[in-house]
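Dumped work.cif below, it's mmCIF, C-alpha atoms:
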```cif
data_upload
#
loop_
_atom_site.label_atom_id
_atom_site.label_comp_id
_atom_site.auth_asym_id
_atom_site.auth_seq_id
_atom_site.Cartn_x
_atom_site.Cartn_y
_atom_site.Cartn_z
CA MET A 225 76.71 10.29 23.35
CA LYS A 226 74.94 8.79 26.37
CA ASN A 227 76.76 9.34 29.61
CA VAL A 228 77.66 5.70 30.19
CA LYS A 229 80.95 3.90 30.49
CA ILE A 230 81.49 1.98 27.26
CA PRO A 231 83.39 -1.28 27.71
CA GLU A 232 86.67 -1.40 25.83
CA VAL A 233 85.61 -4.57 24.08
CA ALA A 234 82.60 -2.73 22.60
CA VAL A 235 84.89 0.04 21.37
CA SER A 236 87.06 -2.60 19.80
CA ARG A 237 84.07 -4.13 17.98
CA LEU A 238 82.89 -0.70 16.79
CA SER A 239 86.29 -0.24 15.23
CA VAL A 240 85.86 -3.54 13.39
CA TYR A 241 82.31 -2.62 12.27
CA SER A 242 83.63 0.65 10.93
CA ARG A 243 86.33 -1.04 8.86
CA PHE A 244 83.72 -3.44 7.47
CA LEU A 245 81.33 -0.55 6.68
CA THR A 246 84.11 1.35 4.88
CA GLN A 247 84.79 -1.77 2.80
CA ILE A 248 81.15 -2.28 1.74
CA GLU A 249 80.49 1.45 1.30
CA LYS A 250 83.18 1.41 -1.38
CA SER A 251 81.41 -1.45 -3.13
CA GLY A 252 78.22 0.63 -3.36
CA VAL A 253 76.02 -0.86 -0.63
CA VAL A 254 73.66 1.81 0.80
CA ARG A 255 71.67 0.03 3.54
CA ILE A 256 72.61 -2.81 5.84
CA SER A 257 70.99 -4.82 8.62
CA SER A 258 72.51 -5.72 11.98
CA GLY A 259 72.47 -9.33 10.75
CA GLU A 260 74.60 -8.43 7.74
CA ILE A 261 77.05 -6.46 9.89
CA ALA A 262 77.25 -9.45 12.23
CA ALA A 263 77.85 -11.87 9.35
CA GLY A 264 80.57 -9.66 7.90
CA THR A 265 82.42 -9.21 11.16
CA GLY A 266 82.00 -12.57 12.85
CA GLY A 267 79.53 -11.46 15.53
CA THR A 268 75.84 -11.91 16.32
CA PRO A 269 73.02 -9.50 15.31
CA ALA A 270 72.07 -9.01 18.98
CA GLN A 271 75.65 -8.05 19.83
CA VAL A 272 75.80 -5.57 16.95
CA ARG A 273 72.54 -3.91 18.05
CA LYS A 274 73.71 -3.77 21.67
CA ASP A 275 77.06 -2.22 20.73
CA LEU A 276 75.46 0.43 18.55
CA ALA A 277 72.87 1.21 21.23
CA TYR A 278 75.60 2.50 23.56
CA PHE A 279 75.61 5.61 21.45
CA GLY A 280 71.87 6.16 20.99
CA GLU A 281 69.47 5.16 18.25
CA PHE A 282 71.08 4.54 14.89
CA GLY A 283 68.91 2.22 12.81
CA THR A 284 65.24 1.95 11.90
CA ARG A 285 63.51 -1.33 12.70
CA GLY A 286 62.92 -3.34 9.55
CA VAL A 287 64.83 -0.89 7.38
CA GLY A 288 68.33 -1.27 8.73
CA TYR A 289 71.14 1.23 8.83
CA ASN A 290 72.32 3.74 6.26
CA VAL A 291 75.89 2.52 5.68
CA ALA A 292 77.52 5.93 5.17
CA GLU A 293 75.74 7.63 8.09
CA LEU A 294 76.38 4.79 10.49
CA ASN A 295 80.05 4.68 9.57
CA LYS A 296 80.38 8.45 9.97
CA GLU A 297 78.81 8.26 13.45
CA ILE A 298 81.12 5.47 14.54
CA CYS A 299 84.15 7.35 13.23
CA ASN A 300 83.11 10.44 15.19
CA ILE A 301 82.70 8.39 18.34
CA LEU A 302 86.08 6.73 17.97
CA GLY A 303 87.83 9.99 17.13
CA ILE A 304 88.72 8.74 13.64
CA GLY A 305 87.59 11.95 11.98
CA LYS A 306 90.48 13.66 13.72
CA LYS A 307 94.03 13.38 12.40
CA TRP A 308 96.26 11.96 15.11
CA ARG A 309 99.93 12.82 15.18
CA VAL A 310 101.92 9.66 15.74
CA ILE A 311 105.58 8.76 16.15
CA LEU A 312 107.16 5.33 16.24
CA VAL A 313 110.12 4.28 18.38
CA GLY A 314 112.17 1.36 17.06
CA ALA A 315 113.22 0.94 13.43
CA GLY A 316 113.57 -2.86 13.44
CA ASN A 317 111.47 -5.35 11.47
CA LEU A 318 108.33 -4.69 13.47
CA GLY A 319 108.78 -0.92 13.22
CA SER A 320 109.35 -1.25 9.51
CA ALA A 321 106.19 -3.34 9.11
CA LEU A 322 104.21 -0.78 11.09
CA THR A 323 105.33 2.18 8.94
CA GLN A 324 104.06 0.23 5.92
CA TYR A 325 100.80 -0.89 7.52
CA ALA A 326 98.09 0.54 5.28
CA GLY A 327 95.45 0.27 7.99
CA PHE A 328 96.98 3.10 10.05
CA LYS A 329 97.14 5.98 7.59
CA SER A 330 93.71 5.24 6.10
CA ARG A 331 92.25 5.56 9.62
CA GLY A 332 93.89 8.92 10.40
CA PHE A 333 97.00 7.65 12.15
CA ASP A 334 99.96 8.97 10.22
CA ILE A 335 103.37 7.93 11.53
CA GLU A 336 105.43 11.03 10.81
CA ALA A 337 108.78 10.15 12.36
CA VAL A 338 110.66 7.07 13.55
CA PHE A 339 113.25 7.11 16.35
CA ASP A 340 116.07 4.61 16.81
CA ASN A 341 119.33 4.30 18.72
CA ASP A 342 121.19 2.81 15.73
CA LEU A 343 123.25 5.65 14.29
CA ASN A 344 123.49 3.74 10.99
CA LYS A 345 119.74 4.23 10.56
CA VAL A 346 119.49 7.82 11.78
CA GLY A 347 119.18 10.29 8.91
CA LEU A 348 117.78 7.63 6.55
CA ARG A 349 114.14 7.00 5.70
CA LEU A 350 112.14 3.92 6.68
CA ASN A 351 109.44 3.39 4.03
CA ASP A 352 109.52 7.12 3.40
CA THR A 353 109.38 8.13 7.07
CA PRO A 354 112.47 9.93 8.45
CA VAL A 355 114.52 8.13 11.12
CA MET A 356 115.86 10.30 13.95
CA ALA A 357 118.02 9.70 17.01
CA ILE A 358 116.34 8.64 20.28
CA ASN A 359 117.69 11.73 22.08
CA ARG A 360 115.54 13.93 19.83
CA ILE A 361 112.24 12.39 21.04
CA TYR A 362 111.57 14.94 23.78
CA ASP A 363 112.01 18.02 21.59
CA TYR A 364 110.13 16.47 18.68
CA VAL A 365 107.07 15.51 20.75
CA VAL A 366 106.91 18.91 22.44
CA GLU A 367 107.47 21.01 19.30
CA ASN A 368 105.12 19.00 17.08
CA LYS A 369 102.42 18.34 19.69
CA ILE A 370 102.56 14.59 19.07
CA ASP A 371 99.51 12.71 20.44
CA ILE A 372 100.51 9.07 20.30
CA ALA A 373 103.77 7.10 20.35
CA ILE A 374 104.13 3.49 19.24
CA ILE A 375 106.81 1.53 21.10
CA ALA A 376 108.42 -1.22 18.99
CA VAL A 377 111.78 -1.56 20.75
CA PRO A 378 113.27 -4.64 22.46
CA ASP A 379 111.74 -5.47 25.88
CA LYS A 380 114.67 -4.21 27.94
CA HIS A 381 114.45 -0.69 26.50
CA ALA A 382 110.67 -0.32 26.58
CA GLN A 383 110.30 1.21 30.07
CA ASP A 384 113.07 3.78 29.48
CA ILE A 385 111.45 4.86 26.22
CA ALA A 386 108.05 5.03 27.93
CA ASP A 387 109.48 7.25 30.70
CA LEU A 388 110.97 9.58 28.11
CA LEU A 389 107.67 9.77 26.24
CA VAL A 390 105.69 10.48 29.41
CA THR A 391 108.11 13.27 30.35
CA SER A 392 107.68 14.82 26.92
CA GLY A 393 103.91 15.02 27.44
CA ILE A 394 102.63 12.26 25.16
CA LYS A 395 98.88 11.50 25.52
CA GLY A 396 98.86 7.85 24.53
CA ILE A 397 101.26 4.93 24.07
CA LEU A 398 100.71 1.82 21.97
CA ASN A 399 103.19 -0.72 23.31
CA PHE A 400 104.29 -3.75 21.26
CA ALA A 401 107.00 -4.85 23.71
CA PRO A 402 105.70 -7.86 25.68
CA VAL A 403 106.36 -6.26 29.08
CA THR A 404 104.07 -4.44 31.53
CA LEU A 405 104.94 -0.72 31.55
CA ASN A 406 104.61 1.61 34.52
CA ILE A 407 102.77 4.64 33.19
CA PRO A 408 101.03 7.44 35.13
CA GLU A 409 97.23 7.32 35.05
CA ASP A 410 96.74 10.42 32.91
CA VAL A 411 98.62 8.84 30.00
CA GLN A 412 96.62 6.23 28.09
CA VAL A 413 98.46 3.03 27.32
CA ARG A 414 97.52 0.00 25.30
CA ASN A 415 99.57 -3.17 25.14
CA VAL A 416 99.52 -5.22 21.97
CA ASP A 417 100.42 -8.75 22.90
CA LEU A 418 100.52 -10.75 19.69
CA ALA A 419 100.75 -14.07 21.54
CA VAL A 420 97.33 -13.46 23.11
CA ASN A 421 95.80 -13.84 19.66
CA LEU A 422 97.42 -17.22 19.13
CA GLU A 423 96.31 -18.33 22.57
CA ILE A 424 92.68 -17.40 21.94
CA LEU A 425 92.90 -19.21 18.62
CA SER A 426 94.38 -22.35 20.17
CA PHE A 427 91.75 -22.27 22.94
CA ASN A 428 89.03 -22.10 20.27
CA ILE A 429 90.59 -25.02 18.40
CA VAL A 430 90.62 -27.13 21.58
CA VAL A 431 87.01 -26.24 22.46
CA ASN A 432 85.86 -26.85 18.88
CA ASN A 433 87.44 -30.30 18.75
CA LYS A 434 85.76 -31.29 22.02
CA GLU A 435 82.26 -30.43 20.81
CA MET B 158 86.30 -27.08 33.39
CA LYS B 159 82.73 -25.99 34.02
CA ASN B 160 80.42 -26.52 31.10
CA VAL B 161 79.86 -22.84 30.35
CA LYS B 162 80.62 -20.72 27.33
CA ILE B 163 83.62 -18.57 28.21
CA PRO B 164 83.59 -15.15 26.55
CA GLU B 165 86.55 -14.56 24.26
CA VAL B 166 87.46 -11.43 26.15
CA ALA B 167 87.88 -13.49 29.34
CA VAL B 168 90.14 -15.92 27.47
CA SER B 169 92.14 -12.95 26.27
CA ARG B 170 92.55 -11.67 29.85
CA LEU B 171 93.55 -15.12 31.11
CA SER B 172 96.30 -15.10 28.53
CA VAL B 173 97.53 -11.76 29.89
CA TYR B 174 97.34 -12.99 33.51
CA SER B 175 99.38 -16.01 32.53
CA ARG B 176 102.11 -13.90 30.96
CA PHE B 177 102.21 -11.74 34.09
CA LEU B 178 102.35 -14.82 36.36
CA THR B 179 105.21 -16.27 34.30
CA GLN B 180 107.08 -12.98 34.73
CA ILE B 181 106.68 -12.82 38.53
CA GLU B 182 107.21 -16.57 39.01
CA LYS B 183 110.68 -16.06 37.53
CA SER B 184 111.36 -13.32 40.07
CA GLY B 185 110.61 -15.73 42.94
CA VAL B 186 107.10 -14.67 44.03
CA VAL B 187 105.18 -17.66 45.46
CA ARG B 188 101.74 -16.30 46.42
CA ILE B 189 99.69 -13.51 44.91
CA SER B 190 96.30 -11.86 45.52
CA SER B 191 93.68 -11.00 42.91
CA GLY B 192 94.46 -7.34 43.70
CA GLU B 193 98.11 -7.83 42.81
CA ILE B 194 97.22 -9.64 39.57
CA ALA B 195 94.85 -6.78 38.74
CA ALA B 196 97.50 -4.13 39.48
CA GLY B 197 100.05 -5.93 37.33
CA THR B 198 97.77 -6.38 34.36
CA GLY B 199 95.72 -3.19 34.40
CA GLY B 200 92.43 -4.73 35.55
CA THR B 201 90.30 -4.76 38.69
CA PRO B 202 90.43 -7.40 41.48
CA ALA B 203 86.72 -8.21 40.94
CA GLN B 204 87.34 -8.82 37.23
CA VAL B 205 90.30 -11.09 37.98
CA ARG B 206 88.26 -13.16 40.43
CA LYS B 207 85.36 -13.40 38.00
CA ASP B 208 87.60 -14.51 35.13
CA LEU B 209 89.29 -17.19 37.21
CA ALA B 210 85.93 -18.41 38.53
CA TYR B 211 84.90 -19.52 35.03
CA PHE B 212 87.17 -22.48 35.56
CA GLY B 213 86.29 -23.41 39.12
CA GLU B 214 87.83 -22.52 42.48
CA PHE B 215 91.47 -21.51 42.32
CA GLY B 216 92.36 -19.33 45.28
CA THR B 217 91.83 -19.41 49.03
CA ARG B 218 90.13 -16.40 50.60
CA GLY B 219 92.62 -14.27 52.51
CA VAL B 220 95.57 -16.36 51.36
CA GLY B 221 95.57 -15.67 47.63
CA TYR B 222 96.76 -17.86 44.82
CA ASN B 223 99.83 -20.04 44.48
CA VAL B 224 101.56 -18.43 41.51
CA ALA B 225 102.97 -21.59 39.92
CA GLU B 226 99.79 -23.65 40.34
CA LEU B 227 97.51 -20.91 39.06
CA ASN B 228 99.71 -20.33 36.03
CA LYS B 229 99.82 -24.06 35.28
CA GLU B 230 96.02 -24.25 35.44
CA ILE B 231 95.58 -21.31 33.11
CA CYS B 232 98.11 -22.74 30.65
CA ASN B 233 96.23 -26.05 30.63
CA ILE B 234 92.96 -24.27 29.98
CA LEU B 235 94.38 -22.22 27.13
CA GLY B 236 96.15 -25.19 25.58
CA ILE B 237 99.55 -23.64 26.19
CA GLY B 238 100.99 -26.83 27.66
CA LYS B 239 100.65 -28.32 24.17
CA LYS B 240 103.18 -27.55 21.45
CA TRP B 241 101.36 -26.07 18.48
CA ARG B 242 102.76 -26.54 14.98
CA VAL B 243 102.65 -23.23 13.16
CA ILE B 244 103.56 -21.95 9.71
CA LEU B 245 103.71 -18.38 8.49
CA VAL B 246 102.74 -17.18 5.01
CA GLY B 247 104.41 -13.96 3.86
CA ALA B 248 108.13 -13.21 4.30
CA GLY B 249 107.85 -9.40 4.26
CA ASN B 250 108.63 -7.03 7.13
CA LEU B 251 105.69 -8.16 9.22
CA GLY B 252 106.48 -11.83 8.61
CA SER B 253 110.07 -11.18 9.52
CA ALA B 254 109.05 -9.42 12.74
CA LEU B 255 106.74 -12.31 13.62
CA THR B 256 109.44 -14.98 13.19
CA GLN B 257 111.56 -12.98 15.67
CA TYR B 258 108.75 -12.34 18.14
CA ALA B 259 109.95 -13.90 21.39
CA GLY B 260 106.44 -14.09 22.80
CA PHE B 261 105.40 -16.88 20.40
CA LYS B 262 108.02 -19.54 20.97
CA SER B 263 108.03 -19.10 24.75
CA ARG B 264 104.28 -19.81 24.74
CA GLY B 265 104.52 -23.01 22.67
CA PHE B 266 103.92 -21.52 19.23
CA ASP B 267 106.95 -22.39 17.14
CA ILE B 268 106.90 -21.07 13.58
CA GLU B 269 108.64 -23.88 11.73
CA ALA B 270 108.38 -22.74 8.11
CA VAL B 271 107.68 -19.56 6.15
CA PHE B 272 106.08 -19.50 2.71
CA ASP B 273 106.44 -16.74 0.12
CA ASN B 274 105.87 -16.22 -3.60
CA ASP B 275 109.16 -14.34 -4.05
CA LEU B 276 111.55 -16.84 -5.61
CA ASN B 277 114.49 -14.71 -4.43
CA LYS B 278 113.54 -15.55 -0.85
CA VAL B 279 112.67 -19.23 -1.36
CA GLY B 280 115.46 -21.52 -0.15
CA LEU B 281 116.86 -18.91 2.23
CA ARG B 282 116.21 -18.61 5.96
CA LEU B 283 114.25 -15.84 7.66
CA ASN B 284 115.63 -15.43 11.18
CA ASP B 285 116.63 -19.09 11.07
CA THR B 286 113.29 -20.32 9.73
CA PRO B 287 113.36 -21.87 6.23
CA VAL B 288 111.47 -20.03 3.46
CA MET B 289 109.57 -22.23 0.98
CA ALA B 290 107.51 -21.60 -2.14
CA ILE B 291 103.76 -20.96 -1.76
CA ASN B 292 102.92 -23.98 -3.93
CA ARG B 293 104.41 -26.24 -1.26
CA ILE B 294 101.91 -25.16 1.43
CA TYR B 295 99.39 -27.94 0.81
CA ASP B 296 101.89 -30.80 1.02
CA TYR B 297 103.70 -29.28 3.97
CA VAL B 298 100.55 -28.79 6.06
CA VAL B 299 99.28 -32.30 5.31
CA GLU B 300 102.60 -34.10 5.83
CA ASN B 301 103.56 -32.24 9.01
CA LYS B 302 100.08 -32.04 10.56
CA ILE B 303 100.33 -28.25 10.94
CA ASP B 304 97.73 -26.84 13.37
CA ILE B 305 97.87 -23.09 12.78
CA ALA B 306 98.84 -20.79 9.91
CA ILE B 307 99.63 -17.10 10.27
CA ILE B 308 98.72 -14.98 7.24
CA ALA B 309 100.98 -11.95 6.78
CA VAL B 310 100.58 -11.37 3.03
CA PRO B 311 99.24 -8.25 1.24
CA ASP B 312 95.42 -7.83 1.42
CA LYS B 313 94.74 -8.87 -2.15
CA HIS B 314 96.35 -12.31 -1.68
CA ALA B 315 94.90 -13.08 1.75
CA GLN B 316 91.71 -14.88 0.64
CA ASP B 317 93.54 -17.08 -1.89
CA ILE B 318 96.04 -18.12 0.77
CA ALA B 319 93.22 -18.77 3.24
CA ASP B 320 91.42 -20.99 0.69
CA LEU B 321 94.61 -22.97 0.14
CA LEU B 322 95.13 -23.40 3.88
CA VAL B 323 91.54 -24.53 4.43
CA THR B 324 91.86 -27.09 1.63
CA SER B 325 95.02 -28.44 3.21
CA GLY B 326 93.17 -29.09 6.48
CA ILE B 327 94.51 -26.34 8.75
CA LYS B 328 92.71 -26.03 12.12
CA GLY B 329 93.22 -22.33 12.78
CA ILE B 330 94.25 -19.15 10.97
CA LEU B 331 95.68 -15.99 12.51
CA ASN B 332 95.10 -13.29 9.91
CA PHE B 333 97.10 -10.05 9.91
CA ALA B 334 95.75 -8.81 6.56
CA PRO B 335 93.14 -6.10 7.22
CA VAL B 336 90.40 -7.85 5.23
CA THR B 337 87.49 -10.05 6.27
CA LEU B 338 88.14 -13.63 5.18
CA ASN B 339 85.51 -16.19 4.16
CA ILE B 340 86.36 -19.29 6.14
CA PRO B 341 84.21 -22.39 6.78
CA GLU B 342 82.87 -22.66 10.32
CA ASP B 343 84.96 -25.65 11.36
CA VAL B 344 88.19 -23.70 10.86
CA GLN B 345 88.95 -21.20 13.62
CA VAL B 346 90.02 -17.79 12.44
CA ARG B 347 91.22 -14.75 14.33
CA ASN B 348 91.82 -11.39 12.72
CA VAL B 349 94.53 -9.16 14.13
CA ASP B 350 93.66 -5.62 13.17
CA LEU B 351 96.46 -3.43 14.42
CA ALA B 352 94.49 -0.23 13.72
CA VAL B 353 91.83 -1.31 16.24
CA ASN B 354 94.40 -0.83 18.99
CA LEU B 355 95.13 2.73 17.91
CA GLU B 356 91.41 3.45 17.70
CA ILE B 357 90.74 2.21 21.23
CA LEU B 358 93.71 4.28 22.40
CA SER B 359 92.47 7.43 20.65
CA PHE B 360 88.95 6.87 22.01
CA ASN B 361 90.41 6.63 25.54
CA ILE B 362 92.42 9.83 24.99
CA VAL B 363 89.27 11.67 23.88
CA VAL B 364 87.20 10.37 26.82
CA ASN B 365 90.00 11.12 29.29
CA ASN B 366 90.35 14.71 28.09
CA LYS B 367 86.59 15.29 28.44
CA GLU B 368 86.48 14.20 32.07
#
```

So, in terms of structure tokens, how does the structure I just supplied come out?
Amino acid sequence: MKNVKIPEVAVSRLSVYSRFLTQIEKSGVVRISSGEIAAGTGGTPAQVRKDLAYFGEFGTRGVGYNVAELNKEICNILGIGKKWRVILVGAGNLGSALTQYAGFKSRGFDIEAVFDNDLNKVGLRLNDTPVMAINRIYDYVVENKIDIAIIAVPDKHAQDIADLLVTSGIKGILNFAPVTLNIPEDVQVRNVDLAVNLEILSFNIVVNNKE
Amino acid sequence: MKNVKIPEVAVSRLSVYSRFLTQIEKSGVVRISSGEIAAGTGGTPAQVRKDLAYFGEFGTRGVGYNVAELNKEICNILGIGKKWRVILVGAGNLGSALTQYAGFKSRGFDIEAVFDNDLNKVGLRLNDTPVMAINRIYDYVVENKIDIAIIAVPDKHAQDIADLLVTSGIKGILNFAPVTLNIPEDVQVRNVDLAVNLEILSFNIVVNNKE
């Protein structure tokens, strides 16, 4: 990999390219052009070429990319080859949806335990994943060397859960609670704000109707 | 608004700034600097200033921004002042989580009806939102001038639902199914791929551990 800082938005697009490549690889396509990747992922050919160029030379001019090789490279770059150990905190509707979300496991993110403060749920299974008590988080993360925790608890509990996770030595947090968390710099955090998506969509609708 | 093409990623950050501004406005803060906005949203002051500059001059050098005015401007730009009429297709766990998601309603996106093909759910309410049969989508969208539909159905049904929504004249689709949809150009579509977030997070963990 070239020693350059890759913008997060490029990483995000690579992830989308990879999902698209996996889809078409299954359907038997062997070679693909940047134009076809762009068409399949809603981008432009120039953007695709620029994103892939962050990581060196992939394609051959006029011949395009080998689908399987390109996808393997992107997966290596994004750390998808590795199996990540993931826990989820919050066994509500969102947590339940996330344990079922097919896109996680197929990409190497296997939610292996769910934690909740509702004693009626503790000891049961949520879509086949065991539900444990919140006070077991610390020991579980330490003993099982958990990499990533997903926070899907109500807003008011999110910071407390984050503090507990940081203390237990978690490397990354994916936060679904719509609040800004205070997290030390050596722990990676990513906030998923679902309303942002609707706002971008509504902005695009407004702009489109003005044109 | 200046007549420039605003990158989607800037729109996405504006949405985050606005949520942050709403939060601190409630706590009584009147003025704020680009540095404080950056600190509260995980960006850099230069990035904040650049994003806000897409829309003209907001702040005063050395004095900062008026929180309420800045937030109002951003909301106008993003179309948040407007009430958007939204329906949701798919009354599973994800759909249920989305109808409860506080971040939607507070930003003007009110899910007013849910559609599902499970006749055991039709006629009931999902977190207070009525559940209707899929075959009523067309009439409902036309009669109620629905702007946006959220797709939260299993992958294999997503394209059929999208086709139905397009036919009924929907303006925008927020798609949670991890498949690429074929949508005509005049309908705005935005794919929410939850795995992308985990992949960016894992990439950041890998990069951080190398440093």

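Proximity to chain B at a cut-off of 6 Å picks out Ser239, Leu302, Gly303, Asn317, Leu318, Ala321, Gly327, Phe328, Ala419, Val420 and Phe427 of chain A on chain A, counting all atoms listed in the file.
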
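Between atom CA of Lys380 of chain A and atom CA of Ala337 of chain A there is a distance of 22.0 Å.
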
Quote the spacing between atom CA of Ile358 of chain A and atom CA of Asn341 of chain A in Å to one decimal place.
-> 5.5 Å

Pairwise distance, atom CA of Leu348 of chain A with atom CA of Gln383 of chain A, equals 25.5 Å

Within 6 Å of segment 181-191 of chain B, counting all atoms listed in the file, which residues show up once you throw out same-chain ones fewer than 6 positions away? Write them as a list in words, please.
->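 The contact residues come out as Pro202, Val205, Gly221, Tyr222, Asn223 and Val224 of chain B.
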
Residue among A:Ile375, A:Ile230, A:Tyr362, A:Ile370 lying closest to Thr391 of chain A, counting all atoms listed in the file |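 Nearest candidate to Thr391 of chain A out of A:Ile375, A:Ile230, A:Tyr362, A:Ile370: A:Tyr362.
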
How big is the axis-aligned box around all listed atoms of segment 310-321 of chain B once 5 Å goes on each side, and where's its centre, in Å to one decimal, as lines of an AutoDock Vina configuration file?
```
center_x = 96.0
center_y = -15.4
center_z = 0.5
size_x = 19.2
size_y = 25.1
size_z = 15.4
```

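Using all atoms listed in the file, the shortest contact distance between Ala195 of chain B and any of B:Tyr174, B:Arg282, B:Tyr211, B:Asn292 is found at B:Tyr174.
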
Quick one: of A:Val338, A:Leu245, A:Leu312, A:Arg273, who's nearest to Glu297 of chain A, counting only C-alpha atoms?
->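 Ranked by minimum distance to Glu297 of chain A, first place goes to A:Leu245.
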
Name every residue that the PyMOL selection byres ((chain B and resi 287) around 12) selects in this structure, writing the answer as a PyMOL selection string with chains first and numbers rising.
-> chain B and resi 244-246+248+253+256+268-273+278-286+288-290
